[in-house]
Amino acid sequence: PCSKPLVSLLFQNLLSVHDTVAKKDYDPKLPPLPPLPADDEEDKEDSVRIIRLVKSKEPLGATIKKDGIGGIVVARIMRGGAADRSGLIHEGDKLREVNGVPVEDKRPEEIVPILAKSDGAVTFKVIPGTKEELEAEDTKIFVRTLFDYNPKEDPAIPCKDAGLEFRRGDVLQIVSQEDDTWWQARRHEDPNLRAGLIPSKQLQERRVALQRPEALFHPARVPKPTGLRRSFRLSRKDHKIHDTQARWTKSEGPRARNIPSYQEVVPYNRKPRESYRLVLLVGPSGVGVSELKRKLLLSDPEHFGVPVPHTTRECRRYERKGVEYHFVSRHAFEKDILNHKFIEYGEHGGNYYGTSIDSVRRVLAESKVCLQDVEPHVIKILYTTEFKPYVVFVKPPAMQQLRLSRRRAKILSSRNEPTPMRTFSDADFEDMIKTAQAMENKYGYLFEKIIINDDLALAFTEIRAELARLEKETNWIPKTWAQA
Ligand SMILES: Nc1ncnc2c1ncn2[C@@H]1O[C@H](COP(=O)(O)OP(=O)(O)OP(=O)(O)O)[C@@H](O)[C@H]1O
């Protein structure tokens with residue numbers, strides 16, 4: 001009595017394979033049907049399913065493994081791949097035969113050549129697994145990758161061809177987290193629906209921790225600048241700067257065991273009355289952050305703004321209160337330090353200089369895009385729902401280009417030098433490159449855009465276009481900012 005339903009089920013399967021195959025641009029001509037296993041009593045009992053898939057250049061998108069009791073089971077179906085789209089093979093299905101060859105006693109490595117040898121179509125005899133079929137519904141988890149990944153160079157990946165290569169900063173849709181070690185993901189908006197394997201968050205973090213414990217416990221030091229922030233309009237040479245590090249919780253501090261792997265992100269579109277995201281500019285001293293900021297301001301003073309810094313020095317005749325600086329008393333300044341009102345502050349010539357959080361808020365409240373340069377360790381202080389910072393890293397080009405492009409550039413010299421302005425030396429360039437590298441190693445996962453400042457006009461065009469794009473297009477922001 002079982003044979004009929006089985007036969008019709010089989011036909012249904014074959015037809016649905018044919019449909020799927022034809023729709024997905026496989027070879028639409030199916031080879032003749034295999035003989036039906038109508039007399040196979042054992043198969044009937046176990047409701048064996050026979051599946052034929054026509055081979056194409058595309059991989060099948062499934063992996064197999066030995067199960068606990070010696071059989072072969074389908075370990076993984078890559079979402080969106082050929083096997084998944086056929087709807088006929090599922091994770092947990094037991095593999096009985098491949099092209100008529102019994103495979104239960106074989107090792108997975110022995111089965112792959114059978115598949116490779118088959119021409120045109122592959123026939124599988126499977127016993128459907130008991131595992132409940134998961135609806136292949138689209139999961140809506142998106143992550144920004146915080147490291148580069150090349151599956152070809154990963155000895156641990158179960159199948160190199162199934163891996164998904166990505167660069168730090170790419171946005172991926174996670175389509176399966178069922179496996180603790182290997183997630184399935186696809187590039188956001190990739191027309192290719194087939195998912196690829198990527199290391200899970202747990203795996204990536206464990207691997208990094210094992211690979212370089214010393215780097216985690218003694219993170220590479222980014223040389224602290226010796227001067228004041230450029231936004232105070234003074235050279236940073238010879239001065240000490242402080243930030244509101246005291247406010248950091250232990251887990252956020254620079255020594256925290258923080259291994260960047262993936263950051264969950266959500267799409268974000270600014271609402272008409274909402275303030276713009278705060279644009280933070282980061283880069284080694286002398287790289288051209290002030291220059292780019294100045295050019296942006298000049299290009300559209302109605303649209304871009306910078307916070308007005310505070311100082312305790314006397315107001316000069318040509319200066320206007322609240323325009324060049326907020327002029328405050330030493331007492332008031334120190335009170336504000338204690339109340340963590342400053343993003344950064346420093347001392348120069350016996351006077352304090354600093355940028356307050358409120359002065360950033362004032363620019364944003366004017367519906368302007370606020371540009372602020374900070375030392376990279378300060379980013380975390382502003383990494384909040386309120387500011388939604390967009391971090392741009394300004395990076396020097398290689399030595400040769402630096403020498404060429406800065407031939408005529410002048411920098412403020414340090415106090416010990418006889419002239420107030422001098423040209424860059426090779427030592428300055430080396431310093432710049434080294435500091436940039438250290439910044440990128442340690443804080444690179446926070447940088448959303450890297451601008452290489454080789455030719456100044458090109459760098460400016462690039463940053464301008466990038467900021468315009470940011471205002472027009474959907475942004476991907478950390479999920480934590482959206483939840484708050
Ligand atoms: N791409 C470039 N080509 C040539 N000169 C440049 C370029 N970018 C910047 N400069 C010049 O280099 C000098 C230093 O630039 P800038 O003052 O903007 O550096 P900075 O990153 O703000 O560093 P600091 O905070 O130490 O001043 C300036 O004279 C600037 O005009």
# chains A, B, ... in the order shown; residues from 1 in each chain; ligands from 1
>>> residues_around(residues="stretch 314-317 of chain A", least_positions_apart="6", cutoff="10 Å", atoms="only C-alpha atoms", output="PDB file with N, CA, C and O atoms, in the first residue's frame")
ATOM      1  N   GLU A 324      35.945  82.735  18.036  1.00  0.00           N
ATOM      2  CA  GLU A 324      37.231  82.013  17.991  1.00  0.00           C
ATOM      3  C   GLU A 324      37.316  81.028  19.166  1.00  0.00           C
ATOM      4  O   GLU A 324      37.739  79.898  19.002  1.00  0.00           O
ATOM      5  N   TYR A 325      36.950  81.523  20.349  1.00  0.00           N
ATOM      6  CA  TYR A 325      36.988  80.712  21.576  1.00  0.00           C
ATOM      7  C   TYR A 325      35.842  81.117  22.489  1.00  0.00           C
ATOM      8  O   TYR A 325      35.311  82.226  22.390  1.00  0.00           O
ATOM      9  N   HIS A 326      35.517  80.218  23.418  1.00  0.00           N
ATOM     10  CA  HIS A 326      34.754  80.623  24.607  1.00  0.00           C
ATOM     11  C   HIS A 326      35.814  80.967  25.637  1.00  0.00           C
ATOM     12  O   HIS A 326      36.609  80.093  26.005  1.00  0.00           O
ATOM     13  N   PHE A 327      35.859  82.229  26.075  1.00  0.00           N
ATOM     14  CA  PHE A 327      36.882  82.635  27.043  1.00  0.00           C
ATOM     15  C   PHE A 327      36.317  82.448  28.447  1.00  0.00           C
ATOM     16  O   PHE A 327      35.292  83.034  28.795  1.00  0.00           O
ATOM     17  N   VAL A 328      36.964  81.593  29.220  1.00  0.00           N
ATOM     18  CA  VAL A 328      36.463  81.308  30.576  1.00  0.00           C
ATOM     19  C   VAL A 328      37.595  81.421  31.596  1.00  0.00           C
ATOM     20  O   VAL A 328      38.783  81.413  31.235  1.00  0.00           O
ATOM     21  N   SER A 329      37.220  81.511  32.873  1.00  0.00           N
ATOM     22  CA  SER A 329      38.232  81.603  33.933  1.00  0.00           C
ATOM     23  C   SER A 329      38.834  80.219  34.176  1.00  0.00           C
ATOM     24  O   SER A 329      38.244  79.193  33.811  1.00  0.00           O
ATOM     25  N   ASN A 351      48.011  78.254  29.864  1.00  0.00           N
ATOM     26  CA  ASN A 351      46.565  78.359  29.677  1.00  0.00           C
ATOM     27  C   ASN A 351      45.964  77.030  29.243  1.00  0.00           C
ATOM     28  O   ASN A 351      46.612  76.240  28.578  1.00  0.00           O
TER      29      ASN A 351
END
>>> closest_atom_pairs(of="chain A", to="ligand 1", cutoff="6 Å", atoms="only C-alpha atoms and all ligand atoms", output="JSON lines")
{"residue": "A:Arg230", "atom": "CA", "partner": "ligand 1", "partner_atom_place_in_ligand_line": "25 (O)", "distance": 4.1}
{"residue": "A:Ser235", "atom": "CA", "partner": "ligand 1", "partner_atom_place_in_ligand_line": "27 (O)", "distance": 5.5}
{"residue": "A:Arg236", "atom": "CA", "partner": "ligand 1", "partner_atom_place_in_ligand_line": "26 (O)", "distance": 5.4}
{"residue": "A:Ser285", "atom": "CA", "partner": "ligand 1", "partner_atom_place_in_ligand_line": "26 (O)", "distance": 3.8}
{"residue": "A:Gly286", "atom": "CA", "partner": "ligand 1", "partner_atom_place_in_ligand_line": "23 (O)", "distance": 3.3}
{"residue": "A:Val287", "atom": "CA", "partner": "ligand 1", "partner_atom_place_in_ligand_line": "21 (O)", "distance": 3.9}
{"residue": "A:Gly288", "atom": "CA", "partner": "ligand 1", "partner_atom_place_in_ligand_line": "18 (O)", "distance": 3.1}
{"residue": "A:Val289", "atom": "CA", "partner": "ligand 1", "partner_atom_place_in_ligand_line": "21 (O)", "distance": 3.8}
{"residue": "A:Ser290", "atom": "CA", "partner": "ligand 1", "partner_atom_place_in_ligand_line": "22 (O)", "distance": 3.6}
{"residue": "A:Glu291", "atom": "CA", "partner": "ligand 1", "partner_atom_place_in_ligand_line": "18 (O)", "distance": 3.7}
{"residue": "A:Ser405", "atom": "CA", "partner": "ligand 1", "partner_atom_place_in_ligand_line": "3 (N)", "distance": 4.7}
{"residue": "A:Arg406", "atom": "CA", "partner": "ligand 1", "partner_atom_place_in_ligand_line": "4 (C)", "distance": 4.3}
{"residue": "A:Ala409", "atom": "CA", "partner": "ligand 1", "partner_atom_place_in_ligand_line": "29 (O)", "distance": 4.5}
{"residue": "A:Lys410", "atom": "CA", "partner": "ligand 1", "partner_atom_place_in_ligand_line": "29 (O)", "distance": 4.2}
{"residue": "A:Ile411", "atom": "CA", "partner": "ligand 1", "partner_atom_place_in_ligand_line": "13 (C)", "distance": 5.1}
{"residue": "A:Asn453", "atom": "CA", "partner": "ligand 1", "partner_atom_place_in_ligand_line": "1 (N)", "distance": 4.9}
{"residue": "A:Asp454", "atom": "CA", "partner": "ligand 1", "partner_atom_place_in_ligand_line": "1 (N)", "distance": 4.7}
{"residue": "A:Asp455", "atom": "CA", "partner": "ligand 1", "partner_atom_place_in_ligand_line": "1 (N)", "distance": 4.6}
{"residue": "A:Leu456", "atom": "CA", "partner": "ligand 1", "partner_atom_place_in_ligand_line": "1 (N)", "distance": 3.5}
>>> select_by_dssp(residues="stretch 65-229 of chain A", states="strand (DSSP E or B)", output="PyMOL selection string")
chain A and resi 65-66+72-77+94-98+101-102+121-127+141-145+149+163+166+171-176+182-187+196-199
>>> closest_atom_pairs(of="stretch 379-424 of chain A", to="stretch 331-344 of chain A", cutoff="10 Å", atoms="only C-alpha atoms", output="Markdown table")
| residue | atom | partner | partner_atom | distance |
| --- | --- | --- | --- | --- |
| A:Ile379 | CA | A:Ile343 | CA | 9.4 |
| A:Ile381 | CA | A:Ile343 | CA | 7.5 |
| A:Leu382 | CA | A:Ile343 | CA | 8.2 |
>>> atom_distance(atom1="atom CA of A:Trp182", atom2="atom CA of A:Ile259")
17.7 Å
>>> select_by_dssp(residues="stretch 69-136 of chain A", states="helix (DSSP H, G or I)", output="ChimeraX atom specification")
/A:82-86,108-117
>>> write_last_selection(atoms="all heavy atoms", output="compact mmCIF listing (two decimals), in the first residue's frame")
# COMPACT_ATOMS: atom_id res chain seq x y z
N ALA A 82 22.42 25.60 -4.81
CA ALA A 82 21.62 24.72 -5.66
C ALA A 82 20.80 23.72 -4.83
O ALA A 82 19.61 23.53 -5.07
CB ALA A 82 22.54 23.98 -6.63
N ALA A 83 21.44 23.10 -3.85
CA ALA A 83 20.74 22.10 -3.04
C ALA A 83 19.59 22.76 -2.27
O ALA A 83 18.49 22.22 -2.18
CB ALA A 83 21.71 21.44 -2.08
N ASP A 84 19.84 23.94 -1.74
CA ASP A 84 18.83 24.65 -0.96
C ASP A 84 17.65 25.04 -1.85
O ASP A 84 16.49 24.84 -1.50
CB ASP A 84 19.48 25.89 -0.33
CG ASP A 84 18.55 26.61 0.63
OD1 ASP A 84 17.67 25.94 1.20
OD2 ASP A 84 18.70 27.84 0.81
N ARG A 85 17.97 25.56 -3.03
CA ARG A 85 16.90 26.03 -3.91
C ARG A 85 16.04 24.86 -4.41
O ARG A 85 14.87 25.04 -4.70
CB ARG A 85 17.50 26.81 -5.08
CG ARG A 85 18.13 28.13 -4.66
CD ARG A 85 18.25 29.07 -5.84
NE ARG A 85 18.88 28.44 -6.99
CZ ARG A 85 20.20 28.48 -7.24
NH1 ARG A 85 21.02 29.09 -6.41
NH2 ARG A 85 20.68 27.88 -8.30
N SER A 86 16.65 23.68 -4.54
CA SER A 86 15.88 22.53 -4.98
C SER A 86 14.82 22.18 -3.94
O SER A 86 13.78 21.62 -4.25
CB SER A 86 16.79 21.33 -5.23
OG SER A 86 17.09 20.69 -3.99
N PRO A 108 33.45 10.49 3.92
CA PRO A 108 33.08 11.61 3.07
C PRO A 108 34.07 11.83 1.92
O PRO A 108 33.66 12.10 0.79
CB PRO A 108 33.06 12.80 4.03
CG PRO A 108 32.74 12.20 5.35
CD PRO A 108 33.37 10.83 5.35
N GLU A 109 35.36 11.62 2.18
CA GLU A 109 36.37 11.84 1.13
C GLU A 109 36.19 10.88 -0.04
O GLU A 109 36.60 11.17 -1.16
CB GLU A 109 37.80 11.67 1.65
CG GLU A 109 38.17 12.43 2.90
CD GLU A 109 37.72 11.70 4.16
OE1 GLU A 109 38.48 10.88 4.69
OE2 GLU A 109 36.59 11.97 4.60
N GLU A 110 35.62 9.71 0.25
CA GLU A 110 35.45 8.73 -0.82
C GLU A 110 34.22 9.04 -1.66
O GLU A 110 34.08 8.56 -2.77
CB GLU A 110 35.30 7.32 -0.23
CG GLU A 110 36.54 6.85 0.50
CD GLU A 110 36.29 5.53 1.23
OE1 GLU A 110 35.47 5.52 2.16
OE2 GLU A 110 36.92 4.54 0.86
N ILE A 111 33.33 9.83 -1.09
CA ILE A 111 32.07 10.11 -1.80
C ILE A 111 32.24 11.24 -2.81
O ILE A 111 31.65 11.21 -3.88
CB ILE A 111 30.97 10.45 -0.77
CG1 ILE A 111 30.76 9.21 0.12
CG2 ILE A 111 29.67 10.83 -1.45
CD1 ILE A 111 29.94 9.47 1.34
N VAL A 112 33.10 12.17 -2.45
CA VAL A 112 33.29 13.33 -3.33
C VAL A 112 33.70 12.91 -4.75
O VAL A 112 33.10 13.40 -5.73
CB VAL A 112 34.28 14.34 -2.70
CG1 VAL A 112 34.55 15.49 -3.65
CG2 VAL A 112 33.72 14.85 -1.38
N PRO A 113 34.65 11.95 -4.93
CA PRO A 113 34.99 11.53 -6.30
C PRO A 113 33.82 10.92 -7.06
O PRO A 113 33.72 11.09 -8.27
CB PRO A 113 36.10 10.49 -6.09
CG PRO A 113 36.61 10.72 -4.71
CD PRO A 113 35.51 11.32 -3.93
N ILE A 114 32.92 10.25 -6.35
CA ILE A 114 31.76 9.67 -7.04
C ILE A 114 30.93 10.79 -7.64
O ILE A 114 30.45 10.71 -8.77
CB ILE A 114 30.87 8.85 -6.06
CG1 ILE A 114 31.71 7.82 -5.31
CG2 ILE A 114 29.69 8.21 -6.79
CD1 ILE A 114 30.93 7.00 -4.29
N LEU A 115 30.80 11.86 -6.87
CA LEU A 115 30.04 13.01 -7.34
C LEU A 115 30.74 13.65 -8.54
O LEU A 115 30.11 14.00 -9.53
CB LEU A 115 29.95 14.05 -6.22
CG LEU A 115 28.82 13.87 -5.22
CD1 LEU A 115 28.99 14.83 -4.07
CD2 LEU A 115 27.48 14.09 -5.90
N ALA A 116 32.06 13.75 -8.41
CA ALA A 116 32.83 14.42 -9.45
C ALA A 116 32.75 13.64 -10.76
O ALA A 116 32.71 14.22 -11.84
CB ALA A 116 34.27 14.56 -9.01
N LYS A 117 32.72 12.31 -10.64
CA LYS A 117 32.72 11.46 -11.84
C LYS A 117 31.40 11.55 -12.61
O LYS A 117 31.36 11.38 -13.81
CB LYS A 117 32.97 10.00 -11.44
CG LYS A 117 34.35 9.50 -11.92
CD LYS A 117 34.46 7.99 -11.76
CE LYS A 117 34.74 7.64 -10.30
NZ LYS A 117 34.51 6.30 -9.90
>>> closest_residue(among="A:Val126, A:Val279, A:Val171, A:Leu446", to="A:Asp373", atoms="only C-alpha atoms")
A:Val279
>>> closest_residue(among="A:Gly354, A:Lys479, A:Lys57, A:Val360", to="A:Arg313", atoms="only C-alpha atoms")
A:Gly354
>>> atom_distance(atom1="atom CA of A:Arg79", atom2="atom CA of A:Pro102")
26.9 Å
>>> residues_around(residues="stretch 154-162 of chain A", least_positions_apart="6", cutoff="8 Å", atoms="only C-alpha atoms", output="PyMOL selection string")
chain A and resi 61+63+78+196-197+199
>>> write_last_selection(atoms="N, CA and C atoms", output="mmCIF file, in the first residue's frame")
data_model
loop_
_atom_site.group_PDB
_atom_site.id
_atom_site.type_symbol
_atom_site.label_atom_id
_atom_site.label_comp_id
_atom_site.auth_asym_id
_atom_site.auth_seq_id
_atom_site.Cartn_x
_atom_site.Cartn_y
_atom_site.Cartn_z
ATOM 1 N N GLY A 61 26.405 23.102 -3.120
ATOM 2 C CA GLY A 61 26.072 23.898 -1.939
ATOM 3 C C GLY A 61 25.622 23.056 -0.766
ATOM 4 N N THR A 63 27.321 20.085 2.283
ATOM 5 C CA THR A 63 28.471 19.321 2.767
ATOM 6 C C THR A 63 27.946 18.112 3.533
ATOM 7 N N MET A 78 24.108 25.071 2.086
ATOM 8 C CA MET A 78 24.407 26.498 1.978
ATOM 9 C C MET A 78 23.153 27.235 1.519
ATOM 10 N N GLY A 196 27.760 31.958 1.876
ATOM 11 C CA GLY A 196 29.075 31.357 2.041
ATOM 12 C C GLY A 196 29.375 31.189 3.516
ATOM 13 N N LEU A 197 30.361 30.367 3.808
ATOM 14 C CA LEU A 197 30.725 30.137 5.205
ATOM 15 C C LEU A 197 31.677 31.228 5.689
ATOM 16 N N PRO A 199 33.757 32.436 9.566
ATOM 17 C CA PRO A 199 33.924 32.019 10.950
ATOM 18 C C PRO A 199 32.909 32.726 11.844
#
>>> residues_around(residues="stretch 389-393 of chain A", least_positions_apart="6", cutoff="6 Å", atoms="only C-alpha atoms", output="VMD selection string")
chain A and resid 277 to 283 447 to 450
>>> residues_around(residues="A:Ser425", least_positions_apart="3", cutoff="10 Å", atoms="only C-alpha atoms", output="VMD selection string")
chain A and resid 403 406 to 407 422 428 to 431
>>> closest_residue(among="A:Pro284, A:Gly80, A:Gly120, A:Pro128", to="A:Arg49", atoms="only C-alpha atoms")
A:Pro128
